[in-house]
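Asker: Quick one, protein00.cif (mmCIF, C-alpha atoms and all ligand atoms):
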```cif
data_structure
#
loop_
_atom_site.label_atom_id
_atom_site.label_comp_id
_atom_site.auth_asym_id
_atom_site.auth_seq_id
_atom_site.Cartn_x
_atom_site.Cartn_y
_atom_site.Cartn_z
CA MET L 1 0.00 0.00 0.00
CA ARG L 2 1.07 3.48 -0.67
CA TYR L 3 0.43 6.50 1.41
CA ASP L 4 -1.73 9.32 0.19
CA ASP L 5 1.00 11.73 -0.74
CA SER L 6 3.23 9.29 -2.48
CA PRO L 7 3.95 9.81 -6.11
CA PRO L 8 1.89 7.56 -8.34
CA PRO L 9 3.55 4.29 -9.21
CA PRO L 10 5.53 4.41 -12.40
CA GLU L 11 3.61 3.44 -15.45
CA SER L 12 4.55 0.01 -16.53
CA ALA L 13 5.06 -1.12 -20.07
CA ALA L 14 2.50 -3.83 -19.51
CA SER L 15 0.34 -2.60 -22.34
CA VAL L 16 2.97 -3.64 -24.84
CA SER L 17 2.84 -7.23 -25.94
CA PRO L 18 5.99 -8.92 -24.75
CA ASP L 19 6.46 -10.67 -28.07
CA PRO L 20 5.62 -8.40 -30.96
CA PRO L 21 4.08 -10.26 -33.85
CA TRP L 22 6.15 -10.61 -36.97
CA TYR L 23 4.49 -7.66 -38.62
CA ALA L 24 5.45 -5.40 -35.80
CA ARG L 25 9.04 -6.16 -36.52
CA ARG L 26 8.54 -5.31 -40.14
CA SER L 27 6.87 -1.96 -39.85
CA THR L 28 7.63 -0.95 -43.40
CA LEU L 29 5.78 -3.97 -44.64
CA ALA L 30 2.88 -3.32 -42.36
CA VAL L 31 2.62 0.29 -43.45
CA ALA L 32 2.85 -0.79 -47.06
CA VAL L 33 0.07 -3.28 -46.54
CA ALA L 34 -2.03 -0.67 -44.87
CA ALA L 35 -1.45 1.80 -47.67
CA LEU L 36 -2.16 -0.62 -50.46
CA ALA L 37 -5.05 -2.50 -48.98
CA PRO L 38 -7.11 -0.37 -46.65
CA THR L 39 -9.13 -3.29 -45.50
CA ALA L 40 -10.28 -3.92 -42.01
CA LEU L 41 -7.50 -6.41 -41.53
CA ALA L 42 -4.81 -4.02 -42.68
CA GLY L 43 -6.26 -1.32 -40.48
CA TRP L 44 -6.10 -3.69 -37.57
CA VAL L 45 -2.51 -4.52 -38.39
CA LEU L 46 -1.62 -0.86 -38.56
CA THR L 47 -3.30 -0.27 -35.26
CA GLN L 48 -1.18 -2.98 -33.70
CA VAL L 49 1.96 -1.46 -35.08
CA LEU L 50 1.20 2.07 -34.03
CA THR L 51 -0.16 1.38 -30.60
CA GLY L 52 1.74 -1.70 -29.70
CA SER L 53 -1.39 -3.23 -28.27
CA GLY L 54 -1.77 -6.83 -29.22
CA PRO L 55 -4.93 -8.84 -28.87
CA GLY L 56 -4.17 -9.45 -25.24
CA GLY L 57 -3.07 -5.92 -24.61
CA GLN L 58 -4.73 -4.02 -21.84
CA PRO L 59 -4.61 -0.34 -21.21
CA PRO L 60 -2.60 0.37 -18.10
CA GLN L 61 -4.77 0.28 -15.07
CA PRO L 62 -4.21 3.16 -12.74
CA LYS L 63 -3.49 1.75 -9.36
CA ALA L 64 -6.07 2.78 -6.89
CA LEU L 65 -4.72 4.66 -3.96
CA PRO L 66 -5.96 3.39 -0.66
CA ALA L 67 -8.80 5.20 0.91
CA SER L 68 -7.76 7.79 3.37
CA HIS L 69 -7.22 6.41 6.81
CA THR L 70 -8.66 9.44 8.45
CA THR L 71 -11.50 9.17 10.80
CA GLY L 72 -13.51 11.75 12.53
CA ALA L 73 -11.68 13.10 15.48
CA GLY L 74 -13.22 12.66 18.82
CA ALA L 75 -11.92 14.34 21.87
CA HIS L 76 -8.83 16.35 21.17
CA GLY L 77 -5.82 17.23 23.09
CA ALA L 78 -4.55 14.26 25.03
CA GLY L 79 -1.04 15.38 25.77
CA ASP L 80 1.47 13.11 24.20
CA ALA L 81 3.76 13.08 27.17
CA LYS L 82 1.00 11.16 28.85
CA ALA L 83 0.05 9.43 25.66
CA SER L 84 3.52 8.08 25.26
CA THR L 85 3.35 6.47 28.59
CA ALA L 86 0.54 4.28 27.41
CA THR L 87 0.65 0.83 28.75
CA PRO L 88 0.66 -2.64 27.38
CA SER L 89 -2.11 -5.07 27.76
CA PRO L 90 -1.90 -8.74 28.37
CA ALA L 91 -2.19 -10.80 25.27
CA ALA L 92 -4.09 -9.04 22.60
CA SER L 93 -4.59 -11.82 20.16
CA ASP L 94 -4.38 -10.43 16.67
CA SER L 95 -0.78 -9.46 16.29
CA ALA L 96 -0.33 -11.45 13.13
CA SER L 97 -2.82 -9.46 11.14
CA ALA L 98 -1.50 -6.23 12.53
CA SER L 99 2.00 -6.78 11.35
CA ALA L 100 1.29 -6.92 7.65
CA SER L 101 3.33 -4.73 5.42
CA ALA L 102 3.75 -4.45 1.74
CA PRO L 103 5.99 -7.20 0.47
CA ALA L 104 9.38 -5.93 -0.50
CA ALA L 105 11.18 -6.88 -3.63
CA PRO L 106 13.83 -9.53 -3.12
CA ALA L 107 16.24 -7.94 -0.75
CA LYS L 108 19.08 -6.03 -2.27
CA GLY L 109 20.83 -3.04 -0.85
CA PRO L 110 22.63 -2.10 2.31
CA LEU L 111 19.84 -3.35 4.57
CA ALA L 112 19.29 -6.70 2.87
CA GLY L 113 18.59 -9.34 5.46
CA ARG L 114 17.74 -6.81 8.16
CA THR L 115 14.35 -6.45 9.78
CA VAL L 116 13.04 -3.11 11.00
CA VAL L 117 9.80 -2.75 12.93
CA ILE L 118 8.06 0.59 12.65
CA ASP L 119 5.40 1.42 15.21
CA PRO L 120 3.02 4.19 14.13
CA GLY L 121 2.01 5.70 17.46
CA HIS L 122 -1.67 5.48 18.46
CA ASN L 123 -4.46 4.77 15.98
CA THR L 124 -6.94 7.15 14.41
CA GLY L 125 -9.71 4.88 15.69
CA ASN L 126 -8.67 5.15 19.31
CA PHE L 127 -10.89 8.19 19.82
CA LYS L 128 -13.91 5.98 19.20
CA HIS L 129 -12.71 3.08 21.32
CA THR L 130 -11.83 4.71 24.58
CA SER L 131 -13.10 1.87 26.74
CA GLU L 132 -10.95 -0.65 24.90
CA ILE L 133 -7.80 1.44 25.00
CA ASP L 134 -8.31 2.48 28.61
CA ARG L 135 -8.04 -1.04 29.98
CA GLN L 136 -4.95 -1.72 32.00
CA VAL L 137 -2.16 -3.89 30.70
CA ASP L 138 0.96 -5.25 32.33
CA ILE L 139 4.22 -3.57 31.35
CA GLY L 140 6.35 -5.60 33.71
CA THR L 141 7.25 -2.75 35.97
CA ASN L 142 3.73 -1.39 36.25
CA ARG L 143 0.26 -1.45 34.80
CA LYS L 144 -0.86 1.16 32.32
CA GLU L 145 -3.51 1.93 29.74
CA CYS L 146 -3.54 -0.31 26.68
CA ASP L 147 -3.10 2.67 24.38
CA THR L 148 -3.98 6.35 24.19
CA THR L 149 -5.61 8.61 21.66
CA GLY L 150 -2.56 10.73 21.03
CA THR L 151 -2.80 14.44 20.45
CA THR L 152 -3.85 16.68 17.57
CA THR L 153 -2.87 20.03 16.17
CA ASN L 154 -5.13 22.93 17.06
CA SER L 155 -6.77 22.50 13.66
CA GLY L 156 -7.50 18.83 14.28
CA TYR L 157 -4.76 17.00 12.41
CA MET L 158 -4.38 13.85 14.42
CA GLU L 159 -1.12 12.58 15.76
CA ALA L 160 -2.21 9.11 14.64
CA GLU L 161 -2.52 10.37 11.06
CA PHE L 162 0.90 11.93 11.30
CA THR L 163 2.55 8.86 12.73
CA LEU L 164 1.10 6.56 10.10
CA ASP L 165 2.13 8.85 7.26
CA VAL L 166 5.71 9.25 8.48
CA SER L 167 5.88 5.52 9.13
CA ARG L 168 4.76 4.69 5.62
CA ARG L 169 7.27 7.08 4.14
CA THR L 170 9.96 5.51 6.30
CA ARG L 171 8.92 2.04 5.20
CA ALA L 172 9.25 2.97 1.54
CA LEU L 173 12.74 4.32 2.12
CA LEU L 174 13.85 1.33 4.17
CA GLU L 175 12.48 -1.14 1.66
CA SER L 176 14.30 0.66 -1.12
CA LYS L 177 17.47 -0.15 0.81
CA GLY L 178 16.57 -3.82 1.08
CA ALA L 179 15.17 -3.99 4.61
CA LYS L 180 12.23 -6.10 5.62
CA VAL L 181 9.82 -3.73 7.34
CA VAL L 182 7.10 -4.82 9.72
CA PHE L 183 4.41 -2.46 11.03
CA THR L 184 2.65 -2.83 14.33
CA HIS L 185 -0.50 -1.66 12.56
CA ASP L 186 -1.32 -0.08 9.25
CA ALA L 187 -4.84 1.38 9.48
CA ASP L 188 -6.00 -2.21 9.38
CA ARG L 189 -7.65 -2.42 12.75
CA PRO L 190 -10.21 -0.25 14.55
CA TRP L 191 -8.02 0.65 17.50
CA GLY L 192 -4.71 -0.12 19.16
CA PRO L 193 -2.76 -2.31 19.30
CA CYS L 194 -2.07 -2.16 23.00
CA ILE L 195 1.42 -1.14 23.95
CA ASP L 196 2.42 -4.61 25.14
CA GLU L 197 1.41 -6.01 21.78
CA ARG L 198 3.35 -3.27 20.00
CA ALA L 199 6.44 -4.37 21.89
CA ARG L 200 5.74 -8.03 21.24
CA ILE L 201 5.51 -7.50 17.50
CA GLY L 202 9.04 -6.13 17.49
CA ASN L 203 10.26 -8.96 19.68
CA GLU L 204 8.65 -11.71 17.64
CA ALA L 205 9.93 -10.22 14.40
CA ARG L 206 13.42 -10.38 15.92
CA ALA L 207 13.81 -6.84 14.71
CA ASP L 208 17.27 -5.41 14.30
CA ALA L 209 15.81 -2.02 15.16
CA VAL L 210 12.41 -0.74 16.27
CA VAL L 211 11.22 2.85 16.03
CA SER L 212 7.96 4.12 17.47
CA VAL L 213 6.85 7.31 15.74
CA HIS L 214 5.05 10.05 17.67
CA ALA L 215 4.51 13.78 17.95
CA ASP L 216 4.14 15.54 21.24
CA GLY L 217 1.23 17.56 22.58
CA VAL L 218 2.48 20.14 25.04
CA SER L 219 1.88 23.84 25.37
CA ALA L 220 2.75 26.35 22.66
CA GLY L 221 6.28 27.68 22.70
CA ASN L 222 7.70 24.26 23.42
CA ARG L 223 9.34 23.25 20.18
CA GLY L 224 11.53 20.68 18.56
CA PHE L 225 12.00 16.93 18.47
CA HIS L 226 13.30 14.43 20.96
CA VAL L 227 14.17 10.76 20.93
CA ILE L 228 13.17 8.65 23.93
CA LEU L 229 15.59 5.95 25.02
CA PRO L 230 14.81 3.03 27.32
CA ALA L 231 16.05 3.25 30.89
CA THR L 232 17.42 0.16 32.57
CA VAL L 233 14.38 -1.50 34.09
CA LYS L 234 13.71 -4.96 35.39
CA GLY L 235 10.44 -6.29 36.63
CA GLY L 236 8.00 -8.93 35.50
CA ALA L 237 8.35 -9.32 31.75
CA ALA L 238 10.42 -6.16 31.51
CA ASP L 239 14.20 -6.38 31.30
CA THR L 240 15.92 -3.76 29.20
CA SER L 241 19.46 -4.49 30.34
CA LYS L 242 20.48 -5.85 26.95
CA ILE L 243 18.91 -3.13 24.85
CA VAL L 244 19.84 0.03 26.72
CA GLY L 245 23.22 0.33 25.03
CA PRO L 246 22.24 -0.40 21.43
CA SER L 247 19.06 1.60 21.80
CA ARG L 248 21.08 4.65 22.77
CA ASP L 249 23.25 4.19 19.72
CA LEU L 250 20.14 3.91 17.55
CA GLY L 251 18.57 6.94 19.19
CA GLU L 252 21.64 9.14 18.90
CA ARG L 253 21.95 8.31 15.22
CA ILE L 254 18.30 9.04 14.60
CA ALA L 255 18.48 12.33 16.51
CA GLY L 256 21.50 13.50 14.56
CA ASN L 257 20.10 12.53 11.20
CA PHE L 258 16.65 13.90 12.02
CA ALA L 259 18.09 17.28 12.88
CA ARG L 260 20.17 17.30 9.72
CA SER L 261 17.36 16.15 7.45
CA THR L 262 14.55 18.34 8.79
CA GLY L 263 16.50 21.33 10.04
CA SER L 264 14.57 21.05 13.31
CA ALA L 265 16.27 21.68 16.59
CA PRO L 266 16.29 19.35 19.56
CA ALA L 267 13.45 20.03 21.96
CA ASN L 268 13.76 23.23 23.95
CA TYR L 269 11.62 21.94 26.83
CA LEU L 270 13.36 18.73 27.92
CA GLY L 271 16.53 16.80 27.31
CA SER L 272 18.78 19.82 27.98
CA GLY L 273 19.10 20.51 24.29
CA THR L 274 20.39 17.04 23.44
CA GLY L 275 17.22 15.80 21.78
CA LEU L 276 17.53 12.69 23.94
CA VAL L 277 15.43 11.67 26.91
CA VAL L 278 15.61 8.45 28.94
CA ARG L 279 12.35 7.09 30.32
CA ASP L 280 11.41 4.11 32.44
CA ASP L 281 7.65 4.41 32.20
CA LEU L 282 6.89 3.43 28.62
CA GLY L 283 5.61 -0.09 28.16
CA GLY L 284 6.63 -0.13 24.53
CA LEU L 285 10.24 0.30 25.62
CA ASN L 286 10.19 -1.64 28.86
CA LEU L 287 8.87 -4.77 27.20
CA SER L 288 11.14 -4.63 24.19
CA THR L 289 13.92 -7.14 23.78
CA ARG L 290 15.14 -5.47 20.60
CA PRO L 291 16.92 -2.12 20.21
CA LYS L 292 14.11 0.41 20.29
CA VAL L 293 13.44 4.11 20.59
CA PHE L 294 10.52 6.49 20.35
CA ILE L 295 10.80 9.70 18.40
CA GLU L 296 8.61 12.69 19.19
CA CYS L 297 8.96 14.58 15.93
CA GLY L 298 7.68 17.94 17.17
CA ASN L 299 4.98 19.60 19.24
CA MET L 300 1.59 19.48 17.55
CA ARG L 301 0.29 22.20 19.89
CA ASP L 302 2.84 24.75 18.79
CA ALA L 303 1.84 26.65 15.67
CA LYS L 304 5.32 26.71 14.16
CA ASP L 305 5.96 23.05 14.81
CA ALA L 306 2.44 22.21 13.60
CA ALA L 307 3.11 23.99 10.31
CA GLN L 308 5.96 21.56 9.78
CA LEU L 309 4.16 18.47 10.99
CA THR L 310 1.25 19.11 8.63
CA SER L 311 3.53 19.52 5.62
CA PRO L 312 3.96 16.42 3.44
CA GLU L 313 7.35 17.72 2.33
CA TRP L 314 8.51 18.07 5.91
CA ARG L 315 7.20 14.62 6.77
CA GLN L 316 9.27 13.19 3.95
CA LYS L 317 12.33 14.85 5.45
CA ALA L 318 11.39 13.40 8.82
CA ALA L 319 11.18 9.94 7.29
CA GLU L 320 14.56 10.43 5.64
CA GLY L 321 16.11 11.43 8.94
CA ILE L 322 14.68 8.41 10.73
CA THR L 323 15.75 6.14 7.90
CA ASN L 324 19.28 7.49 7.80
CA GLY L 325 19.61 6.98 11.52
CA ILE L 326 18.51 3.37 11.19
CA VAL L 327 20.85 2.81 8.27
CA GLY L 328 23.74 4.20 10.27
CA PHE L 329 22.87 2.04 13.25
CA LEU L 330 22.66 -1.10 11.13
CA GLY L 331 25.89 -0.28 9.38
CA GLY L 332 24.28 -0.03 5.99
ZN ZN W 1 2.21 9.77 20.84
#
```
Show me the file's structure as structure tokens.

Answerer:
Amino acid sequence: MRYDDSPPPPESAASVSPDPPWYARRSTLAVAVAALAPTALAGWVLTQVLTGSGPGGQPPQPKALPASHTTGAGAHGAGDAKASTATPSPAASDSASASASAPAAPAKGPLAGRTVVIDPGHNTGNFKHTSEIDRQVDIGTNRKECDTTGTTTNSGYMEAEFTLDVSRRTRALLESKGAKVVFTHDADRPWGPCIDERARIGNEARADAVVSVHADGVSAGNRGFHVILPATVKGGAADTSKIVGPSRDLGERIAGNFARSTGSAPANYLGSGTGLVVRDDLGGLNLSTRPKVFIECGNMRDAKDAAQLTSPEWRQKAAEGITNGIVGFLGG
């Protein structure tokens, strides 16, 4: 599937018969026949020559773009700092269907053989499924909500729309470099998944890197991006001791490339200007056994940041920055 703002797929040459009939290879003869004998047959022959469409030829079918994934927004304004702390739930059962992604061409490129899990934060349907996403799930160290609605810009552009769009752009870039990309969801379910399932999808895919895409929702004047790294936690199913180091490497590379690609500055409201924040309260990090970070790409509640976040061109730059960070981390 392609995202809404992607360029249309290149036209294929499928309308041309793979094996031109003999007369197509002898165009002078065909034209001569057509000129000398303007019969229906000769006209048909000429048509074949000029258009290249054989009897089995089909006009190229424009590929339908997927329907927009937007949904009506419900309540607005759940701050993403809280949203990010959403909690996992025990055993949501449909992870397999949620992890579908467009099949990549046979892997070639610097990321061939590598698996990257991209987690589009929240879900546009969460606003309509508050009871489902409010249920508590076990994140090892604590219990938290299954998922949250995420935030919106003041004009109603949903964080969940943003995260899915940037994730899809990132997927396209990663696949072009040969990576296998798995999504935690792709507008293919009404809500969620819960944060424990989001972590599990990365674990079960044995991902070489996992990135959860978000945008923040704090007061105006707070600007910039930050990458959230897992703290060392241990409790229940949570044990990040093996991923803290590589996750920091991944996060630092993403932060550096994101700043370079987008021109955005590290957040001015946390992280002391480093663009890096360590947290121990996010189920999606605590339950991960694979190198994983969150990125908060900007503040949807700040007008200047929102102008960037709502720009397809800027989102492409964001995807490029995330991708380049992953490539650097994986040594591609
Ligand atoms: Zn979020």

Asker: Neighbourhood query: residues within 12 Å of (6.8, 25.2, 13.7), file coordinates, counting only C-alpha atoms; return as an NGL selection string.

Answerer: :L and (153 or 220-225 or 262-265 or 267 or 297-311 or 314)

Asker: Export C-alpha atoms of the chosen residues as an mmCIF file, in the coordinates of the input?

Answerer:
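selection25.cif was written with the following content:
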```cif
data_model
loop_
_atom_site.group_PDB
_atom_site.id
_atom_site.type_symbol
_atom_site.label_atom_id
_atom_site.label_comp_id
_atom_site.auth_asym_id
_atom_site.auth_seq_id
_atom_site.Cartn_x
_atom_site.Cartn_y
_atom_site.Cartn_z
ATOM 1 C CA THR L 153 -2.870 20.030 16.170
ATOM 2 C CA ALA L 220 2.750 26.350 22.660
ATOM 3 C CA GLY L 221 6.280 27.680 22.700
ATOM 4 C CA ASN L 222 7.700 24.260 23.420
ATOM 5 C CA ARG L 223 9.340 23.250 20.180
ATOM 6 C CA GLY L 224 11.530 20.680 18.560
ATOM 7 C CA PHE L 225 12.000 16.930 18.470
ATOM 8 C CA THR L 262 14.550 18.340 8.790
ATOM 9 C CA GLY L 263 16.500 21.330 10.040
ATOM 10 C CA SER L 264 14.570 21.050 13.310
ATOM 11 C CA ALA L 265 16.270 21.680 16.590
ATOM 12 C CA ALA L 267 13.450 20.030 21.960
ATOM 13 C CA CYS L 297 8.960 14.580 15.930
ATOM 14 C CA GLY L 298 7.680 17.940 17.170
ATOM 15 C CA ASN L 299 4.980 19.600 19.240
ATOM 16 C CA MET L 300 1.590 19.480 17.550
ATOM 17 C CA ARG L 301 0.290 22.200 19.890
ATOM 18 C CA ASP L 302 2.840 24.750 18.790
ATOM 19 C CA ALA L 303 1.840 26.650 15.670
ATOM 20 C CA LYS L 304 5.320 26.710 14.160
ATOM 21 C CA ASP L 305 5.960 23.050 14.810
ATOM 22 C CA ALA L 306 2.440 22.210 13.600
ATOM 23 C CA ALA L 307 3.110 23.990 10.310
ATOM 24 C CA GLN L 308 5.960 21.560 9.780
ATOM 25 C CA LEU L 309 4.160 18.470 10.990
ATOM 26 C CA THR L 310 1.250 19.110 8.630
ATOM 27 C CA SER L 311 3.530 19.520 5.620
ATOM 28 C CA TRP L 314 8.510 18.070 5.910
#
```

Asker: Would you list the contacts of Ala209 (chain L) as a PyMOL selection string, taking every protein, DNA or RNA residue within 7 Å and counting all atoms listed in the file, but skipping same-chain residues closer than 4 positions in sequence?

Answerer: chain L and resi 116-117+290-292

Asker: May I have the residues from that selection written out with C-alpha atoms, as an mmCIF file, in the frame of the given file?

Answerer:
```
data_model
loop_
_atom_site.group_PDB
_atom_site.id
_atom_site.type_symbol
_atom_site.label_atom_id
_atom_site.label_comp_id
_atom_site.auth_asym_id
_atom_site.auth_seq_id
_atom_site.Cartn_x
_atom_site.Cartn_y
_atom_site.Cartn_z
ATOM 1 C CA VAL L 116 13.040 -3.110 11.000
ATOM 2 C CA VAL L 117 9.800 -2.750 12.930
ATOM 3 C CA ARG L 290 15.140 -5.470 20.600
ATOM 4 C CA PRO L 291 16.920 -2.120 20.210
ATOM 5 C CA LYS L 292 14.110 0.410 20.290
#
```

Asker: Between L:Arg169, L:His122, L:Lys317, L:Arg135, single out the one closest to ligand ZN 1 (chain W), counting all atoms listed in the file.

Answerer: L:His122

Asker: Of the candidates L:Ser219, L:Arg171, L:Gly284, L:Asp208, which one gets nearest to Glu320 (chain L) if we count all atoms listed in the file?

Answerer: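 Ranked by minimum distance to Glu320 (chain L), first place goes to L:Arg171.
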
Asker: Compare L:Ala160, L:Leu229, L:Ile118, L:Val181 by their minimum atom-to-atom distance to ligand ZN 1 (chain W), counting all atoms listed in the file, and give me the closest one.

Answerer: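 That would be L:Ala160, the residue with the smallest distance to ligand ZN 1 (chain W).
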
Asker: Please report the interatomic distance between CA of Pro110 (chain L) and CA of Glu252 (chain L) in Å with one decimal.

Answerer: 20.1 Å

Asker: Given the choices L:Gly109, L:Pro190, L:Gly178, L:Gly283, which gets closest to Thr240 (chain L) if the distance is worked out from only C-alpha atoms?

Answerer: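 Of L:Gly109, L:Pro190, L:Gly178, L:Gly283, the one nearest Thr240 (chain L), counting only C-alpha atoms, is L:Gly283.
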
Asker: So the first atom is CA of Asn123 (chain L) and the second is CA of Gly245 (chain L); what is the distance between them in Å, to one decimal place?

Answerer: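 Taking CA of Asn123 (chain L) as the start and CA of Gly245 (chain L) as the end point, the length is 29.5 Å.
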
Asker: Which distance in Å separates CA of Val213 (chain L) and CA of Leu250 (chain L), to one decimal?

Answerer: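 Answer for the CA of Val213 (chain L) to CA of Leu250 (chain L) separation: 13.8 Å.
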
Asker: Could you give me, as a ChimeraX atom specification, the residues that have an atom at most 10 Å away from the point (17.8, 2.4, 23.6) in the coordinates of the file, using only C-alpha atoms?

Answerer: /L:209-210,227-232,240-252,278-279,285,288,290-294

Asker: Using only C-alpha atoms and all ligand atoms, pick whichever of L:Gly273, L:Gly235, L:Gly256, L:Pro120 has the shortest atom-to-atom distance to ligand ZN 1 (chain W).

Answerer: L:Pro120

Asker: Neighbours of Phe329 (chain L) within 8 Å (only C-alpha atoms; same-chain residues fewer than 2 positions away dropped), as number ranges by chain?

Answerer: L: 249-250, 253, 325-327, 331-332

Asker: Could you write out that same residue set with C-alpha atoms as a PDB file, keeping the file's coordinate frame?

Answerer:
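Output saved as selection10.pdb:
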```
ATOM      1  CA  ASP L 249      23.250   4.190  19.720  1.00  0.00           C
ATOM      2  CA  LEU L 250      20.140   3.910  17.550  1.00  0.00           C
ATOM      3  CA  ARG L 253      21.950   8.310  15.220  1.00  0.00           C
ATOM      4  CA  GLY L 325      19.610   6.980  11.520  1.00  0.00           C
ATOM      5  CA  ILE L 326      18.510   3.370  11.190  1.00  0.00           C
ATOM      6  CA  VAL L 327      20.850   2.810   8.270  1.00  0.00           C
ATOM      7  CA  GLY L 331      25.890  -0.280   9.380  1.00  0.00           C
ATOM      8  CA  GLY L 332      24.280  -0.030   5.990  1.00  0.00           C
TER       9      GLY L 332
END
```

Asker: Which residue out of L:Ala318, L:Ala205, L:Leu164, L:Cys194 has the minimum interatomic distance to Val182 (chain L) when only C-alpha atoms are used?

Answerer: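 So, comparing all the options, the nearest one is L:Ala205.
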
Asker: Write region 197-216 of chain L as a JSON list (two decimals), in the frame of the given file, completed to N, CA and C atoms.

Answerer:
```json
[["chain", "number", "residue", "atom", "x", "y", "z"],
["L", 197, "GLU", "N", 1.41, -5.32, 23.07],
["L", 197, "GLU", "CA", 1.41, -6.01, 21.78],
["L", 197, "GLU", "C", 2.37, -5.32, 20.81],
["L", 198, "ARG", "N", 2.40, -4.00, 20.88],
["L", 198, "ARG", "CA", 3.35, -3.27, 20.00],
["L", 198, "ARG", "C", 4.78, -3.74, 20.28],
["L", 199, "ALA", "N", 5.09, -3.89, 21.56],
["L", 199, "ALA", "CA", 6.44, -4.37, 21.89],
["L", 199, "ALA", "C", 6.63, -5.80, 21.42],
["L", 200, "ARG", "N", 5.61, -6.61, 21.60],
["L", 200, "ARG", "CA", 5.74, -8.03, 21.24],
["L", 200, "ARG", "C", 5.96, -8.21, 19.74],
["L", 201, "ILE", "N", 5.33, -7.38, 18.95],
["L", 201, "ILE", "CA", 5.51, -7.50, 17.50],
["L", 201, "ILE", "C", 6.97, -7.30, 17.13],
["L", 202, "GLY", "N", 7.61, -6.33, 17.74],
["L", 202, "GLY", "CA", 9.04, -6.13, 17.49],
["L", 202, "GLY", "C", 9.88, -7.30, 17.97],
["L", 203, "ASN", "N", 9.50, -7.84, 19.13],
["L", 203, "ASN", "CA", 10.26, -8.96, 19.68],
["L", 203, "ASN", "C", 10.12, -10.20, 18.80],
["L", 204, "GLU", "N", 8.88, -10.48, 18.40],
["L", 204, "GLU", "CA", 8.65, -11.71, 17.64],
["L", 204, "GLU", "C", 9.21, -11.61, 16.23],
["L", 205, "ALA", "N", 9.31, -10.39, 15.72],
["L", 205, "ALA", "CA", 9.93, -10.22, 14.40],
["L", 205, "ALA", "C", 11.45, -10.32, 14.48],
["L", 206, "ARG", "N", 11.96, -10.40, 15.68],
["L", 206, "ARG", "CA", 13.42, -10.38, 15.92],
["L", 206, "ARG", "C", 14.04, -9.19, 15.21],
["L", 207, "ALA", "N", 13.41, -8.05, 15.42],
["L", 207, "ALA", "CA", 13.81, -6.84, 14.71],
["L", 207, "ALA", "C", 15.23, -6.44, 15.06],
["L", 208, "ASP", "N", 15.94, -5.97, 14.06],
["L", 208, "ASP", "CA", 17.27, -5.41, 14.30],
["L", 208, "ASP", "C", 17.18, -4.00, 14.86],
["L", 209, "ALA", "N", 16.07, -3.36, 14.61],
["L", 209, "ALA", "CA", 15.81, -2.02, 15.16],
["L", 209, "ALA", "C", 14.30, -1.79, 15.15],
["L", 210, "VAL", "N", 13.83, -1.08, 16.17],
["L", 210, "VAL", "CA", 12.41, -0.74, 16.27],
["L", 210, "VAL", "C", 12.31, 0.76, 16.55],
["L", 211, "VAL", "N", 11.45, 1.43, 15.81],
["L", 211, "VAL", "CA", 11.22, 2.85, 16.03],
["L", 211, "VAL", "C", 9.72, 3.09, 16.15],
["L", 212, "SER", "N", 9.34, 3.73, 17.24],
["L", 212, "SER", "CA", 7.96, 4.12, 17.47],
["L", 212, "SER", "C", 7.83, 5.61, 17.17],
["L", 213, "VAL", "N", 6.94, 5.94, 16.25],
["L", 213, "VAL", "CA", 6.85, 7.31, 15.74],
["L", 213, "VAL", "C", 5.71, 8.06, 16.44],
["L", 214, "HIS", "N", 6.02, 9.23, 16.94],
["L", 214, "HIS", "CA", 5.05, 10.05, 17.67],
["L", 214, "HIS", "C", 5.26, 11.53, 17.37],
["L", 215, "ALA", "N", 4.31, 12.34, 17.84],
["L", 215, "ALA", "CA", 4.51, 13.78, 17.95],
["L", 215, "ALA", "C", 3.93, 14.19, 19.29],
["L", 216, "ASP", "N", 4.51, 15.20, 19.87],
["L", 216, "ASP", "CA", 4.14, 15.54, 21.24],
["L", 216, "ASP", "C", 2.94, 16.50, 21.25]]
```
